[in-house]
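Colleague: My structure is below; once you've seen it, I'll send some questions.
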Amino acid sequence: MTPPDDKPIVLDLKDVACSYEAGSPAVEGISLSARKGDVICLLGPSGCGKTTTLRAIAGFEPVSSGEIRLNGTIISATNRHVPPERRRVGMVFQDYALFPHLTVRDNVGFGLTHATTNNRRGRIDEMLSLTGLSELARRYPHSLSGGQQQRAALARALAPQPMLLLLDEPFSNLDPDTTQRMRLELLHLLKTTQTTAVLVTHDHEEAFAMADYVAVLNNGKLEQFSTPETMYHLPVSPFVAEFVGQADFIPGTIRDSVVVTQLGTFELPQVYRGGPEVVVMIRPDDVHIRENGDGDGTVESRQFRGSEIIYGIRLGSGDFVHSSEVSTRFFPLDAKVELEVIATHTVLFDRKAWKP
């Protein structure tokens with residue numbers, strides 16, 4: 001899938017597959033594109049193939065089929081493999097990989113060996129300023145905080161002005177508060193420099209906060225490539241639905257062009273092509289609850305999350321759904337409630353093909 005935009009395509013993967021010595025592919029059929037300034041997130045659980053895909057883009061893994069293009073030039077194919085150092089691709093690793101014996105300034109300038117002295121000095125100063133490290137230029141990596149080390153690694157990767165920046169779980173070594181701040185700083189830096197980037201993560205919140213487009217991988221295959229909003233509201237598979245947020249599924253039946261369920265009727269989406277027996281995906285923010293002694297639901301769980309409370313509701317049928325309510329709306333455990341579902345989108349899966 002190619003993002004709909006008039007900006008030039010920087011990265012283009014077409015039916016890419018990578019195999020290890022055992023023969024079974026680690027990834028296969030991966031097709032996606034990124035335009036100039038886009039941030040793409042490869043999202044999925046451990047072992048799904050996202051890091052292998054990133055390594056193939058970087059040139060650390062050969063492709064067994066398909067091709068990878070950078071600015072229109074083939075850099076990986078079965079008969080062509082441009083080495084990593086000739087790809088003009090920057091990379092930030094999980095552990096940042098800063099040189100411990102070099103100062104921050106020397107780390108940032110490490111890849112500028114072909115620049116003149118004046119140009120090298122100017123580019124280093126520019127990157128130190130952009131990343132807020134000017135006052136730390138003479139420090140060594142061991143004396144920096146995790147966030148400062150990450151900024152130094154970013155400055156070093158961006159200094160040679162790569163066509164593409166690759167980031168492998170860049171926030172995994174940071175505490176939650178620092179992670180939140182660094183996400184905003186990184187996104188601002190990427191957009192300021194109009195840098196095209198591919199970021200690997202297993203955290204859907206991180207992907208949604210950072211990405212223009214998200215690619216969800218599962219067992220080495222691309223399940224969906226779309227904007228975060230589309231992926232959340234219109235997932236193409238139960239796996240995607242559950243991986244990118246809390247999702248509940250209730251049975252339904254298509255009758256007279258509507259979907260009838262125990263929680264009311266839903267519009268029948270025009271794109272659905274399955275049988276009449278369906279499963280309907282429901283998000284917690286679609287479900288609203290009212291206390292009612294005669295209600296069909298029973299509050300079985302409650303998770304306080306600051307601005308919201310996630311309630312788990314057991315229905316009379318035995319099915320279980322969740323409701324997101326503002327934290328000022330309190331319902332005790334075992335309370336009888338009635339539910340109202342107000343969904344902006346109806347997402348259906350054929351019950352015969354259903355694999356919970």
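Naming scheme: A, B, ... for chains in displayed order of the structure tokens; residues 1 onward per chain; ligands 1 onward as shown.
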Quick one: contact table of segment 156-176 of chain A to segment 19-40 of chain A, 10 Å max, nearest atom pair and distance in Å to one decimal per residue, counting only C-alpha atoms, chain and number order, as a tab-separated table?
Modeller:
residue	atom	partner	partner_atom	distance
A:Met163	CA	A:Lys36	CA	8.8
A:Leu164	CA	A:Lys36	CA	8.9
A:Leu165	CA	A:Val39	CA	9.3
A:Leu166	CA	A:Ile40	CA	9.6
Colleague: Pick out the residues sitting within 8 Å of Pro100 of chain A, and hand them over as a PyMOL selection string; count only C-alpha atoms, and ignore anything fewer than 6 positions along from it in its own chain.
Modeller: chain A and resi 140-142
Colleague: Which residue out of A:Ile282, A:Leu217, A:Leu268, A:Leu43 has the minimum interatomic distance to Glu169 of chain A when only C-alpha atoms are used?
Modeller: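 Answer, going by the shortest atom-to-atom distance: A:Leu43.
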Colleague: Quote the spacing between atom CA of Ser129 of chain A and atom CA of Met91 of chain A in Å to one decimal place.
Modeller: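 These atoms are spaced 20.0 Å apart.
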Colleague: Kindly indicate which residue among A:Leu136, A:Val259, A:Ala152, A:Ile309 lies nearest to Phe99 of chain A, using only C-alpha atoms for the distances.
Modeller: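 Going through A:Leu136, A:Val259, A:Ala152, A:Ile309 one by one, the smallest distance to Phe99 of chain A is for A:Ala152.
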